[in-house]
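Asks: Structure: protein_22.txt, compact mmCIF, C-alpha atoms and all ligand atoms.
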```txt
# COMPACT_ATOMS: atom_id res chain seq x y z
CA MET A 1 10.61 47.91 -43.61
CA SER A 2 10.23 44.13 -43.61
CA ALA A 3 13.17 42.12 -42.22
CA ARG A 4 15.29 40.21 -44.72
CA LYS A 5 14.36 36.53 -44.86
CA GLU A 6 17.16 34.17 -43.84
CA VAL A 7 18.84 32.43 -46.76
CA ILE A 8 20.04 28.83 -46.49
CA LEU A 9 22.41 27.21 -49.01
CA SER A 10 23.98 23.76 -49.18
CA GLY A 11 25.08 21.28 -51.84
CA ILE A 12 26.15 17.67 -52.24
CA ARG A 13 28.45 16.27 -54.95
CA PRO A 14 27.00 13.57 -57.24
CA THR A 15 30.00 11.32 -56.60
CA GLY A 16 28.08 8.27 -55.37
CA ARG A 17 25.04 7.32 -53.33
CA LEU A 18 23.92 9.36 -50.32
CA HIS A 19 25.19 7.95 -47.04
CA TYR A 20 24.53 8.41 -43.34
CA GLY A 21 27.19 11.15 -43.03
CA ASN A 22 25.47 13.13 -45.80
CA TYR A 23 22.08 12.58 -44.18
CA PHE A 24 22.88 13.50 -40.60
CA GLY A 25 25.57 16.05 -41.49
CA ALA A 26 23.46 17.87 -44.05
CA ILE A 27 20.07 16.58 -45.30
CA HIS A 28 18.59 16.23 -41.83
CA HIS A 29 19.15 19.99 -41.41
CA PHE A 30 17.79 20.72 -44.90
CA LEU A 31 14.51 19.10 -43.87
CA ARG A 32 14.31 21.04 -40.59
CA LEU A 33 15.08 24.36 -42.29
CA GLN A 34 12.62 23.66 -45.09
CA GLN A 35 9.86 23.96 -42.45
CA SER A 36 11.07 27.42 -41.39
CA ASP A 37 10.39 30.81 -42.91
CA ALA A 38 13.82 30.90 -44.59
CA THR A 39 14.52 30.73 -48.33
CA CYS A 40 16.33 27.41 -48.88
CA PHE A 41 18.64 26.70 -51.82
CA TYR A 42 19.80 23.07 -52.09
CA PHE A 43 21.87 22.06 -55.10
CA ILE A 44 23.66 19.09 -56.60
CA ALA A 45 27.28 20.12 -57.02
CA ASP A 46 28.04 18.64 -60.44
CA TYR A 47 30.86 21.13 -61.23
CA HIS A 48 32.50 20.13 -57.93
CA ALA A 49 32.21 16.44 -58.87
CA LEU A 50 34.51 17.15 -61.84
CA THR A 51 37.43 17.75 -59.47
CA THR A 52 37.72 14.04 -58.71
CA ILE A 53 37.01 12.45 -62.07
CA THR A 54 39.74 11.58 -64.51
CA GLU A 55 37.63 10.28 -67.39
CA LYS A 56 34.06 10.61 -68.72
CA THR A 57 31.68 9.35 -66.05
CA GLU A 58 27.99 9.20 -65.31
CA ILE A 59 27.70 12.50 -63.45
CA TYR A 60 24.47 13.42 -65.24
CA ARG A 61 22.80 10.09 -64.36
CA GLN A 62 24.11 10.23 -60.80
CA THR A 63 22.80 13.78 -60.46
CA LEU A 64 19.27 12.66 -61.34
CA ASP A 65 19.46 9.70 -58.95
CA MET A 66 20.74 11.91 -56.17
CA LEU A 67 17.84 14.30 -56.74
CA ARG A 68 15.45 11.33 -56.55
CA THR A 69 17.08 10.46 -53.22
CA TYR A 70 16.70 14.08 -52.01
CA VAL A 71 12.97 13.82 -52.78
CA ALA A 72 12.77 10.38 -51.14
CA CYS A 73 14.27 11.87 -47.96
CA GLY A 74 11.52 14.50 -47.90
CA LEU A 75 12.96 17.48 -49.72
CA ASP A 76 10.07 19.27 -51.37
CA PRO A 77 10.97 21.20 -54.54
CA ALA A 78 7.86 23.31 -53.98
CA LYS A 79 9.23 24.53 -50.63
CA SER A 80 12.98 24.50 -51.27
CA ILE A 81 14.75 25.67 -54.41
CA VAL A 82 16.51 22.51 -55.54
CA TYR A 83 18.80 22.92 -58.57
CA ARG A 84 21.87 21.69 -60.40
CA GLN A 85 25.01 23.75 -59.89
CA SER A 86 25.76 23.68 -63.63
CA ASP A 87 22.34 25.20 -64.37
CA LEU A 88 23.69 28.32 -62.68
CA PRO A 89 26.80 29.00 -64.79
CA SER A 90 27.08 32.49 -63.28
CA THR A 91 28.60 30.63 -60.30
CA ALA A 92 31.63 29.97 -62.52
CA GLU A 93 31.81 33.67 -63.40
CA LEU A 94 31.73 34.67 -59.73
CA SER A 95 34.34 32.03 -58.95
CA LEU A 96 36.61 33.59 -61.59
CA LEU A 97 36.16 37.05 -60.06
CA LEU A 98 36.80 35.78 -56.52
CA GLY A 99 39.87 33.89 -57.72
CA MET A 100 41.48 37.26 -58.51
CA ILE A 101 41.68 38.16 -54.81
CA THR A 102 42.51 34.70 -53.40
CA ASN A 103 46.08 33.84 -52.44
CA ILE A 104 47.48 30.54 -53.72
CA GLY A 105 49.15 29.95 -50.33
CA HIS A 106 45.75 30.13 -48.64
CA LEU A 107 44.38 27.49 -51.02
CA GLU A 108 47.41 25.23 -50.64
CA ARG A 109 46.70 25.11 -46.90
CA GLY A 110 43.13 23.84 -47.58
CA THR A 111 42.44 20.42 -46.02
CA THR A 112 40.97 18.82 -49.17
CA TYR A 113 44.02 19.79 -51.19
CA LYS A 114 46.48 18.73 -48.49
CA ASP A 115 44.68 15.37 -48.00
CA LYS A 116 44.94 14.71 -51.72
CA MET A 117 48.66 15.52 -51.68
CA ILE A 118 49.14 12.95 -48.89
CA LYS A 119 47.12 10.31 -50.78
CA ILE A 120 49.26 10.86 -53.88
CA GLN A 121 52.47 10.53 -51.89
CA ASP A 122 51.15 7.21 -50.52
CA ASP A 123 50.07 5.99 -53.96
CA PRO A 124 52.26 7.39 -56.76
CA LYS A 125 50.45 5.20 -59.34
CA ILE A 126 47.19 7.14 -58.88
CA ASP A 127 45.43 7.76 -62.24
CA GLY A 128 45.01 10.97 -64.20
CA ASN A 129 45.82 14.43 -62.94
CA PRO A 130 44.49 14.49 -59.38
CA LEU A 131 46.22 17.76 -58.43
CA SER A 132 44.32 19.92 -60.88
CA TYR A 133 43.81 23.68 -60.91
CA GLY A 134 40.13 22.80 -60.29
CA LEU A 135 40.93 20.94 -57.07
CA LEU A 136 43.13 23.76 -55.78
CA GLY A 137 40.35 26.23 -56.58
CA TYR A 138 37.58 24.11 -55.03
CA PRO A 139 37.15 26.44 -52.02
CA VAL A 140 36.81 29.46 -54.34
CA LEU A 141 34.04 27.75 -56.32
CA MET A 142 32.38 26.77 -53.04
CA ALA A 143 32.65 30.39 -51.85
CA ALA A 144 30.94 31.42 -55.11
CA ASP A 145 28.13 28.87 -54.46
CA ILE A 146 27.51 30.35 -51.03
CA LEU A 147 28.01 34.04 -51.78
CA ILE A 148 26.08 34.11 -55.04
CA VAL A 149 22.76 33.53 -53.26
CA LYS A 150 23.74 35.76 -50.26
CA ALA A 151 23.49 32.83 -47.83
CA ASP A 152 23.28 33.40 -44.08
CA VAL A 153 23.42 29.75 -43.01
CA VAL A 154 25.31 26.88 -44.65
CA PRO A 155 24.18 23.56 -43.16
CA VAL A 156 27.13 21.21 -43.77
CA GLY A 157 29.04 18.55 -41.86
CA ASP A 158 32.09 19.33 -39.76
CA ASP A 159 34.40 18.33 -42.65
CA GLN A 160 33.29 21.44 -44.56
CA ARG A 161 33.91 23.89 -41.68
CA GLN A 162 37.15 25.23 -43.16
CA HIS A 163 35.60 25.80 -46.59
CA VAL A 164 32.81 27.92 -45.11
CA GLU A 165 35.40 29.93 -43.15
CA MET A 166 37.23 30.54 -46.44
CA ALA A 167 33.99 31.85 -48.00
CA CYS A 168 33.60 34.25 -45.04
CA ASP A 169 37.20 35.44 -45.47
CA ILE A 170 36.82 35.91 -49.22
CA ALA A 171 33.61 37.96 -48.79
CA GLU A 172 35.24 40.17 -46.20
CA LYS A 173 38.38 40.67 -48.27
CA PHE A 174 36.37 41.48 -51.41
CA ASN A 175 34.19 44.10 -49.71
CA HIS A 176 37.20 45.65 -48.00
CA ARG A 177 39.38 45.67 -51.12
CA PHE A 178 36.73 47.26 -53.34
CA GLY A 179 35.04 49.37 -50.68
CA CYS A 180 31.63 47.85 -51.22
CA GLU A 181 28.95 45.64 -49.68
CA ALA A 182 28.55 43.46 -52.77
CA LEU A 183 29.03 40.21 -50.86
CA HIS A 184 27.02 39.03 -47.87
CA ARG A 185 29.07 37.21 -45.23
CA PRO A 186 27.54 33.90 -44.07
CA ARG A 187 27.68 32.65 -40.46
CA ALA A 188 30.39 30.15 -39.51
CA VAL A 189 29.48 26.46 -39.14
CA GLY A 190 28.24 25.64 -35.61
CA ARG A 191 30.41 23.72 -33.15
CA ASP A 192 27.76 20.98 -33.05
CA ALA A 193 28.26 20.01 -36.73
CA LEU A 194 28.62 16.25 -37.16
CA ARG A 195 31.52 14.26 -38.57
CA LEU A 196 30.37 10.63 -38.88
CA PRO A 197 33.25 8.13 -38.89
CA GLY A 198 33.58 5.59 -41.73
CA LEU A 199 32.55 1.93 -41.38
CA ASP A 200 36.28 1.18 -41.64
CA GLY A 201 36.86 3.12 -38.41
CA SER A 202 38.46 6.07 -40.23
CA ALA A 203 37.63 9.61 -39.14
CA LYS A 204 35.13 10.34 -41.92
CA MET A 205 32.55 8.40 -43.91
CA GLY A 206 32.82 9.63 -47.49
CA LYS A 207 31.33 8.73 -50.89
CA SER A 208 34.76 8.55 -52.45
CA ASP A 209 36.26 6.47 -49.61
CA ASN A 210 34.42 3.17 -50.01
CA ASN A 211 33.46 3.11 -46.31
CA THR A 212 29.83 4.20 -46.40
CA LEU A 213 26.49 3.03 -45.12
CA ASP A 214 23.99 4.24 -47.71
CA LEU A 215 20.39 5.39 -47.42
CA LEU A 216 19.44 3.05 -50.29
CA ASP A 217 21.15 -0.06 -48.82
CA ASP A 218 18.71 -2.97 -48.46
CA PRO A 219 18.56 -4.97 -45.19
CA LYS A 220 20.94 -7.69 -46.45
CA THR A 221 23.57 -5.15 -47.49
CA VAL A 222 23.13 -3.25 -44.23
CA LEU A 223 23.70 -6.40 -42.18
CA THR A 224 26.78 -7.40 -44.20
CA LYS A 225 28.28 -3.92 -43.86
CA ILE A 226 27.56 -3.64 -40.12
CA LYS A 227 28.91 -7.15 -39.44
CA GLY A 228 32.09 -6.12 -41.24
CA VAL A 229 32.80 -3.24 -38.83
CA VAL A 230 35.91 -4.17 -36.86
CA THR A 231 35.23 -4.46 -33.12
CA SER A 232 38.31 -6.35 -31.94
CA THR A 233 38.86 -4.43 -28.68
CA ASP A 234 37.10 -5.67 -25.53
CA PRO A 235 35.28 -2.94 -23.54
CA LEU A 236 37.73 -0.64 -21.76
CA PRO A 237 36.96 1.65 -18.79
CA LEU A 238 35.46 4.98 -19.97
CA ASP A 239 36.86 7.95 -18.07
CA THR A 240 33.47 9.69 -18.04
CA ASP A 241 30.10 9.08 -16.34
CA SER A 242 28.36 11.13 -19.00
CA ASN A 243 25.96 9.47 -21.44
CA ASP A 244 26.13 12.44 -23.78
CA PRO A 245 27.02 10.96 -27.19
CA ASP A 246 29.40 13.85 -27.96
CA GLN A 247 31.31 13.10 -24.75
CA VAL A 248 31.29 9.30 -24.82
CA ILE A 249 31.44 8.30 -28.48
CA PRO A 250 34.84 9.87 -29.26
CA LYS A 251 36.30 7.80 -26.39
CA LEU A 252 35.19 4.48 -27.90
CA PRO A 253 37.76 2.50 -29.86
CA GLY A 254 37.73 2.17 -33.71
CA GLY A 255 34.60 0.72 -35.23
CA LEU A 256 32.61 0.98 -31.99
CA SER A 257 32.43 4.74 -32.33
CA VAL A 258 30.54 4.48 -35.64
CA LEU A 259 28.22 1.73 -34.29
CA TYR A 260 27.28 3.76 -31.21
CA ARG A 261 26.91 6.94 -33.27
CA LEU A 262 24.55 5.16 -35.66
CA LEU A 263 22.55 3.77 -32.75
CA ASN A 264 22.33 7.24 -31.26
CA LEU A 265 21.12 8.66 -34.60
CA VAL A 266 18.51 6.08 -35.60
CA ALA A 267 17.42 4.07 -32.53
CA PRO A 268 15.24 5.21 -29.59
CA GLU A 269 17.33 6.75 -26.79
CA GLU A 270 16.72 3.83 -24.41
CA VAL A 271 18.33 1.41 -26.87
CA TYR A 272 21.47 3.60 -27.09
CA LEU A 273 21.57 3.96 -23.27
CA ASP A 274 21.09 0.21 -22.75
CA PHE A 275 24.03 -0.67 -25.00
CA LEU A 276 26.17 2.03 -23.37
CA GLN A 277 25.48 0.41 -20.00
CA GLN A 278 26.44 -2.98 -21.46
CA TYR A 279 29.73 -1.45 -22.60
CA ARG A 280 30.37 -0.14 -19.09
CA ASP A 281 29.47 -3.55 -17.60
CA GLY A 282 31.92 -5.32 -19.96
CA GLY A 283 31.22 -8.76 -21.44
CA LYS A 284 30.46 -10.12 -24.86
CA PHE A 285 27.63 -8.24 -26.54
CA TYR A 286 29.05 -6.91 -29.82
CA GLY A 287 27.04 -9.44 -31.87
CA ASN A 288 23.77 -8.13 -30.35
CA LEU A 289 24.93 -4.54 -30.76
CA LYS A 290 25.54 -5.08 -34.48
CA LYS A 291 22.18 -6.79 -34.91
CA ALA A 292 20.41 -3.86 -33.21
CA VAL A 293 22.25 -1.25 -35.30
CA ALA A 294 21.48 -3.14 -38.53
CA GLU A 295 17.78 -3.49 -37.62
CA HIS A 296 17.32 0.19 -36.81
CA VAL A 297 19.25 1.30 -39.89
CA SER A 298 17.13 -0.92 -42.16
CA LYS A 299 13.97 0.42 -40.57
CA PHE A 300 15.21 3.95 -41.23
CA ASN A 301 16.06 3.13 -44.87
CA GLU A 302 12.79 1.36 -45.70
CA PRO A 303 10.55 4.41 -46.43
CA ILE A 304 13.39 6.18 -48.26
CA ILE A 305 13.92 3.19 -50.58
CA GLU A 306 10.18 3.00 -51.14
CA LYS A 307 9.91 6.69 -52.09
CA PHE A 308 13.05 6.49 -54.22
CA ASN A 309 11.37 3.75 -56.28
CA ASP A 310 7.97 5.45 -56.42
CA PRO A 311 7.06 5.65 -60.16
CA ALA A 312 6.06 9.32 -59.65
CA ASN A 313 9.62 10.10 -58.53
CA ASN A 314 10.97 9.73 -62.08
CA ASP A 315 13.33 11.63 -64.36
CA ASP A 316 10.50 13.69 -65.91
CA PHE A 317 9.41 14.91 -62.49
CA ILE A 318 13.00 15.83 -61.63
CA MET A 319 13.60 17.63 -64.94
CA ASP A 320 10.39 19.65 -64.50
CA PHE A 321 11.36 21.07 -61.13
CA LEU A 322 14.99 21.59 -62.19
CA ARG A 323 13.83 23.83 -65.02
CA GLU A 324 11.49 25.78 -62.74
CA ASN A 325 14.02 26.17 -59.96
CA ALA A 326 16.86 27.25 -62.24
CA LYS A 327 14.60 30.15 -63.22
CA LYS A 328 14.09 31.06 -59.55
CA VAL A 329 17.75 31.05 -58.51
CA THR A 330 19.18 32.77 -61.63
CA PRO A 331 17.99 36.36 -60.92
CA VAL A 332 19.31 36.17 -57.33
CA ALA A 333 22.68 34.98 -58.63
CA LEU A 334 22.96 37.55 -61.42
CA ASP A 335 22.25 40.35 -58.95
CA THR A 336 25.36 39.33 -56.98
CA VAL A 337 27.57 38.81 -60.02
CA GLU A 338 26.62 42.18 -61.49
CA ALA A 339 27.30 43.92 -58.17
CA CYS A 340 30.76 42.29 -58.05
CA ARG A 341 31.53 43.27 -61.66
CA GLU A 342 30.63 46.87 -60.85
CA ALA A 343 32.61 46.84 -57.60
CA MET A 344 35.70 45.58 -59.41
CA GLY A 345 35.36 48.17 -62.14
CA ILE A 346 34.62 46.12 -65.27
CA GLY A 347 31.05 47.34 -65.21
CA ARG A 348 27.77 45.52 -65.68
CA SER A 349 27.22 42.98 -68.45
CA LEU A 350 26.01 44.60 -71.68
CA TYR A 351 23.64 41.82 -72.65
CA ARG A 352 21.90 40.81 -69.43
CA GLY A 353 19.84 43.98 -69.21
P1 LIG A 401 33.15 12.85 -51.51
O1 LIG A 401 33.89 11.75 -50.83
O2 LIG A 401 32.91 12.63 -52.96
O3 LIG A 401 33.72 14.23 -51.20
P2 LIG A 401 31.25 13.15 -49.34
O4 LIG A 401 30.64 11.93 -48.78
O5 LIG A 401 32.36 13.81 -48.59
O6 LIG A 401 31.68 12.82 -50.85
P3 LIG A 401 30.12 15.68 -50.11
O7 LIG A 401 29.26 15.73 -51.34
O8 LIG A 401 31.53 16.14 -50.20
O9 LIG A 401 30.06 14.17 -49.57
O10 LIG A 401 29.41 16.48 -48.94
C1 LIG A 401 27.99 16.62 -48.88
C2 LIG A 401 27.57 17.04 -47.49
O11 LIG A 401 27.67 15.92 -46.61
C3 LIG A 401 28.43 18.14 -46.87
O12 LIG A 401 27.59 18.98 -46.13
C4 LIG A 401 29.37 17.39 -45.96
O13 LIG A 401 29.84 18.18 -44.88
C5 LIG A 401 28.46 16.27 -45.48
N1 LIG A 401 29.23 15.10 -45.08
C6 LIG A 401 29.97 14.29 -45.89
N2 LIG A 401 30.52 13.30 -45.18
C7 LIG A 401 30.15 13.50 -43.87
C8 LIG A 401 30.40 12.82 -42.66
N3 LIG A 401 31.14 11.73 -42.65
N4 LIG A 401 29.85 13.29 -41.52
C9 LIG A 401 29.07 14.41 -41.54
N5 LIG A 401 28.79 15.10 -42.65
C10 LIG A 401 29.32 14.66 -43.82
MG MG A 402 33.41 15.51 -49.51
```
Kindly present the structure from the file in structure tokens form.
Replies:
Amino acid sequence: MSARKEVILSGIRPTGRLHYGNYFGAIHHFLRLQQSDATCFYFIADYHALTTITEKTEIYRQTLDMLRTYVACGLDPAKSIVYRQSDLPSTAELSLLLGMITNIGHLERGTTYKDKMIKIQDDPKIDGNPLSYGLLGYPVLMAADILIVKADVVPVGDDQRQHVEMACDIAEKFNHRFGCEALHRPRAVGRDALRLPGLDGSAKMGKSDNNTLDLLDDPKTVLTKIKGVVTSTDPLPLDTDSNDPDQVIPKLPGGLSVLYRLLNLVAPEEVYLDFLQQYRDGGKFYGNLKKAVAEHVSKFNEPIIEKFNDPANNDDFIMDFLRENAKKVTPVALDTVEACREAMGIGRSLYRG
């Protein structure tokens, strides 16, 4: 019997332009895994984007532009199955079924929901209805995204670790409760998952946080953004001799941690090591550090911007592969949903055949 092929699943919300956290937390792994023997599902999470909007927005347009950016980064819709979440409405059906076995208390302890509660307490004038049923249920919908394609690996940044754990818990609980194997449990997120700090020195760069360095930023914008990173603290002694970025970078103050992390991600290793030595030696070099980061970032962005603007990478091209790929992912998804319906006792759908 042939071994089951590994299944990879990951998605990004169309809530803004792709940034360096998205790239090195997620897309970078998509590209690596696309070369493997695994079946890769990469989607644009347009249902998830609805949890943060309070009025009609441009989600459709942003979805197409994000897909053009995926392609510009090197995602190949002939190798990976790239689709829109809303083209797989059976995800919503599975989310409904999974919601029946999910405790509200468990969801209320979710980090996204708790963070939003804190933001609202800080800013009572916040618009709309930010604490929606949809936001509370976000981890259930994400569990449905993962479980519906029977994913083994979910390449996401460290900020999504808890959500993947919730998907594992939900799968286990479902199978146990209904005495079945309808849901396939994914692996937990690795300890090496990245969490890139924001340009404002906060713990996480995020599309909705106005602190991002974007893959489509031109050199002038890159320089302005990098110059704006606050580096007010003079070098301090580092209580480690290690050059390992995971050891050293968290010890750097505020904005320096994001500058060194970016250097480590996009510049040759000797450049990162040279600036680390300068930090240890003390002195005034932050201006040169910023110039170096900005140069390497712009060099990294250049081919992506070029491919984004390639006339062949247009809406028609995107729509063509979306239609094809929706057809590929649908049977996989329906197989899971039907198995869950049977396991729960409502029986298979009467019209799907
Ligand atoms: P939003 O602020 O709208 O939630 P986001 O920037 O957090 O946007 P998501 O669409 O929520 O982006 O996440 C897409 C992928 O990018 C996920 O795999 C997530 O873990 C990863 N990611 C997002 N921000 C970072 C970051 N700062 N560092 C590492 N990975 C990140
Ligand atoms: Mg996010």
Asks: Quick one: residues within 12 Å of (23.3, -0.4, -24.6) (file frame), counting all atoms listed in the file, please, as a PyMOL selection string.
Replies: chain A and resi 243+256+259-261+263-264+267-283+285-286+288-290+292-293
Asks: With C-alpha atoms retained, export the selected residues as a PDB file, keeping the file's coordinate frame.
Replies:
```pdb
ATOM      1  CA  ASN A 243      25.960   9.470 -21.440  1.00  0.00           C
ATOM      2  CA  LEU A 256      32.610   0.980 -31.990  1.00  0.00           C
ATOM      3  CA  LEU A 259      28.220   1.730 -34.290  1.00  0.00           C
ATOM      4  CA  TYR A 260      27.280   3.760 -31.210  1.00  0.00           C
ATOM      5  CA  ARG A 261      26.910   6.940 -33.270  1.00  0.00           C
ATOM      6  CA  LEU A 263      22.550   3.770 -32.750  1.00  0.00           C
ATOM      7  CA  ASN A 264      22.330   7.240 -31.260  1.00  0.00           C
ATOM      8  CA  ALA A 267      17.420   4.070 -32.530  1.00  0.00           C
ATOM      9  CA  PRO A 268      15.240   5.210 -29.590  1.00  0.00           C
ATOM     10  CA  GLU A 269      17.330   6.750 -26.790  1.00  0.00           C
ATOM     11  CA  GLU A 270      16.720   3.830 -24.410  1.00  0.00           C
ATOM     12  CA  VAL A 271      18.330   1.410 -26.870  1.00  0.00           C
ATOM     13  CA  TYR A 272      21.470   3.600 -27.090  1.00  0.00           C
ATOM     14  CA  LEU A 273      21.570   3.960 -23.270  1.00  0.00           C
ATOM     15  CA  ASP A 274      21.090   0.210 -22.750  1.00  0.00           C
ATOM     16  CA  PHE A 275      24.030  -0.670 -25.000  1.00  0.00           C
ATOM     17  CA  LEU A 276      26.170   2.030 -23.370  1.00  0.00           C
ATOM     18  CA  GLN A 277      25.480   0.410 -20.000  1.00  0.00           C
ATOM     19  CA  GLN A 278      26.440  -2.980 -21.460  1.00  0.00           C
ATOM     20  CA  TYR A 279      29.730  -1.450 -22.600  1.00  0.00           C
ATOM     21  CA  ARG A 280      30.370  -0.140 -19.090  1.00  0.00           C
ATOM     22  CA  ASP A 281      29.470  -3.550 -17.600  1.00  0.00           C
ATOM     23  CA  GLY A 282      31.920  -5.320 -19.960  1.00  0.00           C
ATOM     24  CA  GLY A 283      31.220  -8.760 -21.440  1.00  0.00           C
ATOM     25  CA  PHE A 285      27.630  -8.240 -26.540  1.00  0.00           C
ATOM     26  CA  TYR A 286      29.050  -6.910 -29.820  1.00  0.00           C
ATOM     27  CA  ASN A 288      23.770  -8.130 -30.350  1.00  0.00           C
ATOM     28  CA  LEU A 289      24.930  -4.540 -30.760  1.00  0.00           C
ATOM     29  CA  LYS A 290      25.540  -5.080 -34.480  1.00  0.00           C
ATOM     30  CA  ALA A 292      20.410  -3.860 -33.210  1.00  0.00           C
ATOM     31  CA  VAL A 293      22.250  -1.250 -35.300  1.00  0.00           C
TER      32      VAL A 293
END
```
Asks: Which residues are near ligand LIG 401 (chain A) in this structure, taking near to mean any atom at most 9 Å from a ligand atom and counting only C-alpha atoms and all ligand atoms? Format them as a ChimeraX atom specification.
Replies: /A:10-27,44-45,48-49,52,112,154-161,193-198,203-210,212
Asks: Between atom CA of Met166 of chain A and atom CA of Asp37 of chain A, what is the distance, to one decimal in Å?
Replies: 27.1 Å
Asks: Could you tell me how far atom CA of Gln62 of chain A lies from atom CA of Pro77 of chain A, in Å and to one decimal?
Replies: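 Calculated distance between atom CA of Gln62 of chain A and atom CA of Pro77 of chain A is 18.2 Å.
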Asks: Record the distance separating atom CA of Thr39 of chain A and atom CA of Lys79 of chain A, expressed in Å with one decimal.
Replies: 8.5 Å
Asks: Excluding Leu322 of chain A and any residue of its chain fewer than 2 positions from it, enumerate the residues within 10 Å of it, using all atoms listed in the file, and give them as a PyMOL selection string.
Replies: chain A and resi 43+64+67+77+81-84+87+316-320+324-328
Asks: Go through A:Val71, A:Ile8, A:Leu135, A:Leu88 one by one, measure the shortest atom-to-atom distance of each to ligand MG 402 (chain A) using all atoms listed in the file, and give the residue with the smallest value.
Replies: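 Closest to ligand MG 402 (chain A) of all the choices is A:Leu135.
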Asks: Which residue, A:Glu342, A:Leu215, A:Leu265, A:Leu183, has the smallest gap to Arg68 of chain A when you use all atoms listed in the file?
Replies: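 Going through A:Glu342, A:Leu215, A:Leu265, A:Leu183 one by one, the smallest distance to Arg68 of chain A is for A:Leu215.
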Asks: Padding of 5 Å on every side, edges along x, y and z, all listed atoms of segment 9-25 of chain A included: what centre and edge lengths in Å, to one decimal, does that box have, as JSON?
Replies:
```
{"center_x": 26.0, "center_y": 17.3, "center_z": -48.9, "size_x": 17.9, "size_y": 29.9, "size_z": 26.6}
```
Asks: Nearest to ligand MG 402 (chain A): which of A:Val229, A:Met142, A:Val329, A:Ala182 is it, counting all atoms listed in the file?
Replies: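 Selected residue with least distance to ligand MG 402 (chain A): A:Met142.
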Asks: Go through A:Lys291, A:His163, A:Lys227, A:Arg352 and flag the residue nearest ligand MG 402 (chain A), using all atoms listed in the file for the distances.
Replies: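 Closest to ligand MG 402 (chain A) of all the choices is A:His163.
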Asks: So that I can see what lies close to Val7 of chain A, please list as an MDAnalysis selection string the residues with an atom at most 10 Å from it, counting all atoms listed in the file and leaving out residues fewer than 2 positions away in the same chain.
Replies: chainID A and resid 4:5 9 33 37:41 146 149:154 186
Asks: Point out the residue among A:Ser232, A:Asn314, A:Arg185, A:Val140 with the least atom-to-atom distance to Cys168 of chain A, counting only C-alpha atoms.
Replies: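 Once distances to Cys168 of chain A are computed over only C-alpha atoms, the minimum belongs to A:Arg185.
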Asks: Go ahead and find all residues with at least one atom no further than 12 Å from (37.6, 35.5, -60.4) in the file's coordinates, using all atoms listed in the file; report them as a PyMOL selection string.
Replies: chain A and resi 90-103+137+140-141+143-144+170+174+337+340-341+344
Asks: May I have the residues from that selection written out with C-alpha atoms, as a PDB file, keeping the file's coordinate frame?
Replies:
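See selection19.pdb below for the written result:
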```pdb
ATOM      1  CA  SER A  90      27.080  32.490 -63.280  1.00  0.00           C
ATOM      2  CA  THR A  91      28.600  30.630 -60.300  1.00  0.00           C
ATOM      3  CA  ALA A  92      31.630  29.970 -62.520  1.00  0.00           C
ATOM      4  CA  GLU A  93      31.810  33.670 -63.400  1.00  0.00           C
ATOM      5  CA  LEU A  94      31.730  34.670 -59.730  1.00  0.00           C
ATOM      6  CA  SER A  95      34.340  32.030 -58.950  1.00  0.00           C
ATOM      7  CA  LEU A  96      36.610  33.590 -61.590  1.00  0.00           C
ATOM      8  CA  LEU A  97      36.160  37.050 -60.060  1.00  0.00           C
ATOM      9  CA  LEU A  98      36.800  35.780 -56.520  1.00  0.00           C
ATOM     10  CA  GLY A  99      39.870  33.890 -57.720  1.00  0.00           C
ATOM     11  CA  MET A 100      41.480  37.260 -58.510  1.00  0.00           C
ATOM     12  CA  ILE A 101      41.680  38.160 -54.810  1.00  0.00           C
ATOM     13  CA  THR A 102      42.510  34.700 -53.400  1.00  0.00           C
ATOM     14  CA  ASN A 103      46.080  33.840 -52.440  1.00  0.00           C
ATOM     15  CA  GLY A 137      40.350  26.230 -56.580  1.00  0.00           C
ATOM     16  CA  VAL A 140      36.810  29.460 -54.340  1.00  0.00           C
ATOM     17  CA  LEU A 141      34.040  27.750 -56.320  1.00  0.00           C
ATOM     18  CA  ALA A 143      32.650  30.390 -51.850  1.00  0.00           C
ATOM     19  CA  ALA A 144      30.940  31.420 -55.110  1.00  0.00           C
ATOM     20  CA  ILE A 170      36.820  35.910 -49.220  1.00  0.00           C
ATOM     21  CA  PHE A 174      36.370  41.480 -51.410  1.00  0.00           C
ATOM     22  CA  VAL A 337      27.570  38.810 -60.020  1.00  0.00           C
ATOM     23  CA  CYS A 340      30.760  42.290 -58.050  1.00  0.00           C
ATOM     24  CA  ARG A 341      31.530  43.270 -61.660  1.00  0.00           C
ATOM     25  CA  MET A 344      35.700  45.580 -59.410  1.00  0.00           C
TER      26      MET A 344
END
```
Asks: Select, from A:Thr63, A:Val266, A:Asp200, A:Ser257, the residue with the minimum atom-to-atom distance to Ala294 of chain A, counting all atoms listed in the file.
Replies: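 Comparing A:Thr63, A:Val266, A:Asp200, A:Ser257 against Ala294 of chain A, the winner is A:Val266.
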Asks: Using all atoms listed in the file, which residues sit within 9 Å of Phe308 of chain A once same-chain residues fewer than 5 positions away are excluded, as a PDB file with C-alpha atoms, keeping the file's coordinate frame?
Replies:
```pdb
ATOM      1  CA  ASP A  65      19.460   9.700 -58.950  1.00  0.00           C
ATOM      2  CA  ARG A  68      15.450  11.330 -56.550  1.00  0.00           C
ATOM      3  CA  THR A  69      17.080  10.460 -53.220  1.00  0.00           C
ATOM      4  CA  TYR A  70      16.700  14.080 -52.010  1.00  0.00           C
ATOM      5  CA  VAL A  71      12.970  13.820 -52.780  1.00  0.00           C
ATOM      6  CA  ALA A  72      12.770  10.380 -51.140  1.00  0.00           C
ATOM      7  CA  CYS A  73      14.270  11.870 -47.960  1.00  0.00           C
ATOM      8  CA  LEU A 216      19.440   3.050 -50.290  1.00  0.00           C
ATOM      9  CA  PRO A 303      10.550   4.410 -46.430  1.00  0.00           C
ATOM     10  CA  ASN A 313       9.620  10.100 -58.530  1.00  0.00           C
ATOM     11  CA  ASN A 314      10.970   9.730 -62.080  1.00  0.00           C
TER      12      ASN A 314
END
```
